[in-house]
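Participant: run.tsv is reproduced in full below (TSV, C-alpha atoms).
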chain	number	residue	atom	x	y	z
A	1	MET	CA	126.00	28.17	109.39
A	2	ALA	CA	124.70	27.70	105.85
A	3	LYS	CA	126.07	29.31	102.69
A	4	GLN	CA	123.74	30.18	99.83
A	5	ALA	CA	124.84	28.34	96.67
A	6	SER	CA	122.13	29.26	94.16
A	7	ILE	CA	121.94	32.37	92.01
A	8	ILE	CA	119.07	33.62	94.20
A	9	THR	CA	120.44	35.87	96.93
A	10	LEU	CA	118.31	36.87	99.90
A	11	LYS	CA	118.74	39.45	102.65
A	12	GLY	CA	116.61	39.63	105.77
A	13	ARG	CA	114.51	37.05	107.61
A	14	VAL	CA	112.40	34.18	106.33
A	15	GLY	CA	110.78	32.36	109.22
A	16	ARG	CA	113.54	31.38	111.64
A	17	LEU	CA	116.26	31.91	109.03
A	18	SER	CA	118.26	35.13	108.66
A	19	PHE	CA	119.98	35.83	105.35
A	20	TYR	CA	122.84	38.31	105.17
A	21	LYS	CA	125.83	39.32	103.06
A	22	THR	CA	129.45	39.06	104.20
A	23	LYS	CA	132.83	39.32	102.52
A	24	ASP	CA	132.63	35.54	102.07
A	25	GLY	CA	129.34	35.71	100.22
A	26	TYR	CA	125.67	35.36	101.20
A	27	LEU	CA	125.13	33.34	104.38
A	28	ALA	CA	122.13	32.04	106.30
A	29	ARG	CA	121.68	31.15	109.94
A	30	GLU	CA	118.82	30.08	112.18
A	31	LYS	CA	117.44	32.49	114.71
A	32	GLY	CA	118.97	31.79	118.10
A	33	GLY	CA	119.62	33.45	121.42
A	34	VAL	CA	118.17	33.18	124.88
A	35	GLU	CA	114.46	33.59	125.46
A	36	LYS	CA	113.53	36.96	126.93
A	37	SER	CA	111.59	35.36	129.80
A	38	ARG	CA	114.73	33.48	130.83
A	39	ILE	CA	116.87	36.62	130.76
A	40	MET	CA	114.34	38.46	132.90
A	41	ASN	CA	113.95	35.70	135.51
A	42	ASP	CA	116.91	33.30	135.53
A	43	PRO	CA	119.34	34.08	138.43
A	44	ARG	CA	122.22	33.35	136.07
A	45	TYR	CA	121.29	36.46	134.07
A	46	ALA	CA	121.23	38.83	137.04
A	47	ARG	CA	124.25	40.74	135.73
A	48	THR	CA	122.61	41.07	132.32
A	49	ARG	CA	119.50	42.54	133.94
A	50	GLU	CA	121.67	44.99	135.88
A	51	ASN	CA	123.34	46.14	132.68
A	52	MET	CA	120.00	46.48	130.93
A	53	ARG	CA	118.63	48.77	133.64
A	54	GLU	CA	121.69	51.02	133.53
A	55	PHE	CA	121.76	51.08	129.72
A	56	THR	CA	118.12	52.16	129.75
A	57	ASP	CA	118.74	55.00	132.18
A	58	ASN	CA	121.74	56.14	130.17
A	59	ALA	CA	119.81	56.05	126.89
A	60	ASN	CA	116.90	58.05	128.33
A	61	SER	CA	119.23	60.57	129.96
A	62	THR	CA	121.27	61.01	126.78
A	63	LYS	CA	118.12	61.62	124.76
A	64	LEU	CA	117.01	64.32	127.20
A	65	VAL	CA	120.37	66.08	126.89
A	66	LYS	CA	120.33	65.84	123.08
A	67	ASP	CA	116.78	67.19	122.92
A	68	ALA	CA	117.71	70.10	125.18
A	69	LEU	CA	120.79	70.97	123.11
A	70	ARG	CA	119.12	70.42	119.73
A	71	PRO	CA	118.97	74.15	118.81
A	72	VAL	CA	122.77	74.19	119.18
A	73	ILE	CA	123.84	70.79	117.88
A	74	SER	CA	121.69	71.08	114.76
A	75	LYS	CA	124.11	73.78	113.60
A	76	VAL	CA	127.51	72.90	115.05
A	77	SER	CA	127.71	69.15	115.74
A	78	ASP	CA	129.35	66.27	113.91
A	79	GLN	CA	127.58	63.06	112.85
A	80	ARG	CA	129.11	61.02	115.67
A	81	LEU	CA	128.12	63.38	118.47
A	82	GLY	CA	125.27	61.09	119.55
A	83	LEU	CA	127.68	58.18	120.04
A	84	ARG	CA	130.28	60.32	121.80
A	85	LEU	CA	127.66	61.85	124.09
A	86	ASN	CA	126.26	58.41	124.92
A	87	GLN	CA	129.73	57.18	125.86
A	88	GLN	CA	130.44	60.22	128.02
A	89	MET	CA	127.07	59.95	129.73
A	90	MET	CA	127.84	56.31	130.54
A	91	LYS	CA	131.00	57.52	132.30
A	92	VAL	CA	128.80	59.88	134.32
A	93	LEU	CA	126.47	57.00	135.20
A	94	LYS	CA	129.34	54.72	136.26
A	95	SER	CA	130.66	57.47	138.53
A	96	ASP	CA	127.48	57.17	140.66
A	97	ALA	CA	128.98	56.44	144.08
A	98	VAL	CA	125.71	56.10	146.02
A	99	SER	CA	123.84	53.36	144.13
A	100	VAL	CA	124.46	49.62	143.91
A	101	ARG	CA	125.39	48.01	140.60
A	102	GLY	CA	122.36	47.81	138.35
A	103	GLU	CA	120.74	50.83	139.99
A	104	ARG	CA	123.32	53.47	139.07
A	105	LYS	CA	121.88	56.53	137.35
A	106	VAL	CA	123.21	59.47	135.38
A	107	LYS	CA	121.56	61.95	137.75
A	108	ASN	CA	123.67	60.64	140.65
A	109	GLY	CA	126.98	60.64	138.79
A	110	ASN	CA	129.77	63.19	138.41
A	111	TRP	CA	128.05	65.68	136.12
A	112	ASN	CA	131.27	67.65	135.73
A	113	LEU	CA	132.52	64.92	133.39
A	114	LEU	CA	130.54	66.61	130.60
A	115	GLY	CA	132.46	69.87	131.01
A	116	GLY	CA	134.90	70.49	128.18
A	117	MET	CA	133.15	68.25	125.68
A	118	GLU	CA	133.42	69.42	122.06
A	119	LEU	CA	130.21	69.23	120.03
A	120	ASN	CA	132.05	69.04	116.71
A	121	ILE	CA	135.11	66.79	116.74
A	122	ARG	CA	136.26	68.29	113.42
A	123	ALA	CA	136.26	71.88	114.68
A	124	SER	CA	137.24	72.52	118.28
A	125	LEU	CA	136.02	75.81	119.72
A	126	SER	CA	139.44	76.84	121.04
A	127	LYS	CA	140.96	76.42	117.57
A	128	THR	CA	138.14	78.36	115.92
A	129	LEU	CA	137.91	81.30	118.33
A	130	ILE	CA	141.52	82.43	118.76
A	131	PHE	CA	140.95	84.63	121.77
A	132	LYS	CA	140.40	84.12	125.49
A	133	PHE	CA	136.80	83.37	126.48
A	134	ASP	CA	136.83	82.17	130.08
A	135	PRO	CA	133.25	81.90	131.46
A	136	VAL	CA	132.23	83.52	134.74
A	137	ASP	CA	129.83	81.36	136.74
A	138	SER	CA	127.98	83.04	139.61
A	139	PRO	CA	124.93	81.90	141.62
A	140	THR	CA	122.63	84.03	139.45
A	141	THR	CA	124.27	84.25	136.02
A	142	TRP	CA	126.62	82.48	133.65
A	143	GLN	CA	128.39	84.74	131.22
A	144	VAL	CA	131.20	84.97	128.68
A	145	GLU	CA	132.88	88.20	127.63
A	146	ILE	CA	133.65	88.51	123.92
A	147	PRO	CA	136.46	91.09	123.61
A	148	ALA	CA	136.75	93.68	120.89
A	149	LEU	CA	138.46	91.84	118.07
A	150	VAL	CA	139.48	91.70	114.44
A	151	PRO	CA	137.67	88.60	113.12
A	152	SER	CA	140.10	88.00	110.25
A	153	ASP	CA	142.91	87.62	112.80
A	154	GLU	CA	141.13	85.99	115.73
A	155	ILE	CA	138.51	83.72	114.20
A	156	VAL	CA	139.25	80.77	111.90
A	157	HIS	CA	136.41	80.95	109.39
A	158	PRO	CA	135.55	79.46	105.98
A	159	VAL	CA	137.11	81.38	103.09
A	160	ASP	CA	133.73	82.34	101.66
A	161	ALA	CA	132.10	83.25	104.99
A	162	GLN	CA	130.93	86.84	105.32
A	163	GLY	CA	129.50	86.78	108.82
A	164	PHE	CA	129.62	84.90	112.12
A	165	ARG	CA	127.48	84.54	115.21
A	166	ILE	CA	128.65	83.58	118.71
A	167	THR	CA	125.98	82.14	121.00
A	168	ALA	CA	125.88	81.25	124.69
A	169	THR	CA	123.33	78.58	125.60
A	170	GLY	CA	122.21	77.40	129.01
A	171	VAL	CA	120.02	74.33	129.52
A	172	GLY	CA	118.38	73.00	132.67
A	173	LEU	CA	117.47	69.33	133.02
A	174	ASP	CA	115.27	67.37	135.42
A	175	PHE	CA	115.91	63.66	134.89
A	176	ASP	CA	113.13	62.56	137.24
A	177	ALA	CA	110.46	64.64	135.51
A	178	GLY	CA	112.01	64.28	132.04
A	179	THR	CA	111.80	68.04	131.47
A	180	ARG	CA	114.21	70.60	130.02
A	181	SER	CA	114.56	74.37	129.70
A	182	ILE	CA	116.82	76.55	127.56
A	183	VAL	CA	118.06	80.15	127.51
A	184	THR	CA	120.29	81.71	124.85
A	185	ALA	CA	122.22	84.93	124.37
A	186	THR	CA	123.83	85.85	121.04
A	187	THR	CA	125.97	88.49	119.39
A	188	GLY	CA	123.80	88.45	116.30
A	189	VAL	CA	125.47	88.06	112.90
A	190	LEU	CA	128.69	90.11	112.73
A	191	PRO	CA	130.96	90.77	109.71
A	192	VAL	CA	134.22	88.84	109.38
A	193	SER	CA	135.77	91.69	107.39
A	194	ALA	CA	135.65	94.49	109.98
A	195	PRO	CA	136.54	94.97	113.68
A	196	VAL	CA	133.72	94.26	116.14
A	197	GLU	CA	133.05	95.74	119.55
A	198	ALA	CA	133.23	93.84	122.82
A	199	ALA	CA	130.09	92.09	124.05
A	200	VAL	CA	128.95	90.11	127.07
A	201	LEU	CA	126.78	87.04	126.58
A	202	SER	CA	124.86	86.43	129.80
A	203	ILE	CA	122.51	83.62	130.84
A	204	ASP	CA	120.02	84.35	133.62
A	205	LYS	CA	119.98	81.16	135.69
A	206	SER	CA	116.61	82.00	137.23
A	207	GLN	CA	115.05	81.23	133.83
A	208	LEU	CA	116.41	77.68	133.90
A	209	SER	CA	114.57	74.93	135.75
A	210	GLY	CA	115.88	71.55	136.80
A	211	THR	CA	118.65	69.96	138.83
A	212	HIS	CA	121.41	69.60	136.23
A	213	PHE	CA	122.72	72.39	134.01
A	214	LEU	CA	124.94	72.71	130.93
A	215	PHE	CA	126.39	75.93	129.51
A	216	VAL	CA	127.62	75.97	125.94
A	217	LEU	CA	129.47	78.46	123.77
A	218	SER	CA	129.19	78.05	120.00
A	219	VAL	CA	130.10	79.83	116.77
A	220	GLU	CA	128.54	79.48	113.33
A	221	PHE	CA	129.20	81.16	110.01
A	222	TYR	CA	127.01	82.88	107.41
A	223	LEU	CA	126.81	83.98	103.82
A	224	THR	CA	125.04	87.24	103.00
A	225	VAL	CA	122.97	87.43	99.82
A	226	ASN	CA	120.97	90.58	99.08
A	227	THR	CA	121.05	91.68	102.74
A	228	THR	CA	119.83	88.25	103.94
A	229	ASP	CA	122.10	86.08	106.11
A	230	TYR	CA	122.20	82.36	105.29
A	231	HIS	CA	123.59	79.84	107.73
A	232	MET	CA	126.56	77.83	106.39
A	233	ASN	CA	126.36	74.13	107.27
A	234	ASN	CA	130.14	73.88	107.42
A	235	GLY	CA	131.24	70.94	109.53
A	236	ASP	CA	134.88	71.96	109.34
A	237	HIS	CA	134.34	75.35	111.01
A	238	ASN	CA	131.06	75.62	112.96
A	239	ALA	CA	132.01	74.73	116.53
A	240	GLY	CA	130.54	74.38	120.00
A	241	LYS	CA	131.72	73.25	123.40
A	242	ILE	CA	130.19	72.49	126.79
A	243	LEU	CA	132.18	74.89	128.96
A	244	THR	CA	130.40	74.32	132.28
A	245	ALA	CA	128.37	71.48	133.80
A	246	THR	CA	126.80	72.08	137.22
A	247	THR	CA	124.07	70.73	139.52
A	248	THR	CA	121.95	72.17	142.29
A	249	ALA	CA	123.56	69.81	144.79
Write the structure described by the file as structure tokens, please.
Facilitator:
Amino acid sequence: MAKQASIITLKGRVGRLSFYKTKDGYLAREKGGVEKSRIMNDPRYARTRENMREFTDNANSTKLVKDALRPVISKVSDQRLGLRLNQQMMKVLKSDAVSVRGERKVKNGNWNLLGGMELNIRASLSKTLIFKFDPVDSPTTWQVEIPALVPSDEIVHPVDAQGFRITATGVGLDFDAGTRSIVTATTGVLPVSAPVEAAVLSIDKSQLSGTHFLFVLSVEFYLTVNTTDYHMNNGDHNAGKILTATTTA
């Protein structure tokens, strides 16, 4: 490995040389590694090819889930959700008990492993909504009952928040077709300063297509300016959680 000694410092590639900065200064090294054709054909790289196939399936499956949940995670997720979701999806893939190594797929794994996953690691749903919200999952509907409550006592909200919204989201996924569907039910924006009435957030499962399903409950907070509600991008309070993960099998 070469070390750059002149006052000219480079970063990036020049021909077969890669220049980069480390704590020891600017270094340079020649491009190396195994040729792709060898990896794809040499029997000694069979395990590598197996891993590549499973990594690809996991990456595609994770992207489908993220795309389906985007209306939710754009408001309540943390910056590392993508990494955490990818890791959890890999656990689902590795739980595939019907496929040989290298052919394992997310769709064949234990989908229930996604149940209970927080979408914002900095704000867990159970520590934001301080009341019982057990979901009821039937063959036709998935629903959560929001009891009558006093928000100032039962919801942990930003000091300057004036309103909140609780949303139930159901998504259906078909990994073979690469398709997704989504249904939401919401309380609308409610005041944090006054008692609110009970409500039931219900998802009609007949409106969801696919073989794998996720049901999420989330809460987000708002400011009100001149009768208009503005969403607060508060990563310390907006929260969401996958409460239920089911399949048609």
Participant: So, with only C-alpha atoms as the atoms that count, which of A:Leu114, A:Arg49, A:Val225, A:Leu149 lies closest to Ala198 (chain A)?
Facilitator: A:Leu149
Participant: Can I get the residues of region 116-154 of chain A within 10 Å of region 183-195 of chain A, each with the closest pair of atoms and their distance in Å to one decimal, using all atoms listed in the file, sorted chain first then ascending number, as a tab-separated table?
Facilitator:
residue	atom	partner	partner_atom	distance
A:Gln143	CA	A:Ala185	CA	9.2
A:Val144	CA	A:Ala185	CA	10.0
A:Ile146	CA	A:Thr187	CA	8.9
A:Ala148	CA	A:Pro195	CA	7.3
A:Leu149	CA	A:Pro195	CA	5.7
A:Val150	CA	A:Pro195	CA	4.5
A:Pro151	CA	A:Val192	CA	5.1
A:Ser152	CA	A:Val192	CA	6.0
A:Asp153	CA	A:Val192	CA	9.4
A:Glu154	CA	A:Val192	CA	9.8
Participant: With C-alpha atoms retained, write the just-selected residues as a PDB file, keeping the file's coordinate frame.
Facilitator:
ATOM      1  CA  GLN A 143     128.390  84.740 131.220  1.00  0.00           C
ATOM      2  CA  VAL A 144     131.200  84.970 128.680  1.00  0.00           C
ATOM      3  CA  ILE A 146     133.650  88.510 123.920  1.00  0.00           C
ATOM      4  CA  ALA A 148     136.750  93.680 120.890  1.00  0.00           C
ATOM      5  CA  LEU A 149     138.460  91.840 118.070  1.00  0.00           C
ATOM      6  CA  VAL A 150     139.480  91.700 114.440  1.00  0.00           C
ATOM      7  CA  PRO A 151     137.670  88.600 113.120  1.00  0.00           C
ATOM      8  CA  SER A 152     140.100  88.000 110.250  1.00  0.00           C
ATOM      9  CA  ASP A 153     142.910  87.620 112.800  1.00  0.00           C
ATOM     10  CA  GLU A 154     141.130  85.990 115.730  1.00  0.00           C
TER      11      GLU A 154
END
Participant: For the atom pair CA of Leu129 (chain A) and CA of Asn110 (chain A), what is the interatomic distance in Å to one decimal place?
Facilitator: 28.2 Å
Participant: Pick from A:Glu103, A:Glu145, A:Glu197, A:Asp78: nearest to Gly235 (chain A), with only C-alpha atoms counted?
Facilitator: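 Closest candidate: A:Asp78.
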Participant: Neighbouring residues of region 115-123 of chain A were defined as those with any atom within 6 Å, considering only C-alpha atoms; residues of the same chain fewer than 2 positions away were excluded. Please report them as a short mmCIF file (atom, residue, chain, number, x, y, z; two decimals) with C-alpha atoms, in the frame of the given file.
Facilitator:
data_model
loop_
_atom_site.label_atom_id
_atom_site.label_comp_id
_atom_site.auth_asym_id
_atom_site.auth_seq_id
_atom_site.Cartn_x
_atom_site.Cartn_y
_atom_site.Cartn_z
CA SER A 77 127.71 69.15 115.74
CA ASP A 78 129.35 66.27 113.91
CA ASN A 112 131.27 67.65 135.73
CA LEU A 113 132.52 64.92 133.39
CA ASP A 236 134.88 71.96 109.34
CA HIS A 237 134.34 75.35 111.01
CA ALA A 239 132.01 74.73 116.53
CA GLY A 240 130.54 74.38 120.00
CA LYS A 241 131.72 73.25 123.40
CA ILE A 242 130.19 72.49 126.79
CA LEU A 243 132.18 74.89 128.96
CA THR A 244 130.40 74.32 132.28
CA ALA A 245 128.37 71.48 133.80
#
Participant: Which residue is closest to Lys107 (chain A)? Choose from A:Thr228, A:Thr247, A:Ser202, A:Ser218 and count all atoms listed in the file.
Facilitator: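 Closest residue, counting all atoms listed in the file: A:Thr247.
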Participant: Give me, as a PyMOL selection string, all polymer residues having an atom no more than 9 Å from Met232 (chain A), counting only C-alpha atoms and skipping those fewer than 5 positions away in the same chain.
Facilitator: chain A and resi 75+161+220-223+238
Participant: From the list A:Asn86, A:Asn234, A:Ser209, A:Thr246, which residue is nearest Gly178 (chain A) when using all atoms listed in the file?
Facilitator: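 Answer, going by the shortest atom-to-atom distance: A:Ser209.
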Participant: Could you check which of A:Glu50, A:Asp57, A:Asp96, A:Asp67 is closest to Val171 (chain A), using all atoms listed in the file?
Facilitator: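 Residue with the minimum atom-to-atom distance to Val171 (chain A): A:Asp67.
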Participant: May I ask for the distance between CA of Thr179 (chain A) and CA of Ile203 (chain A), given in Å to one decimal place?
Facilitator: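 Straight-line distance from CA of Thr179 (chain A) to CA of Ile203 (chain A) works out to 18.9 Å.
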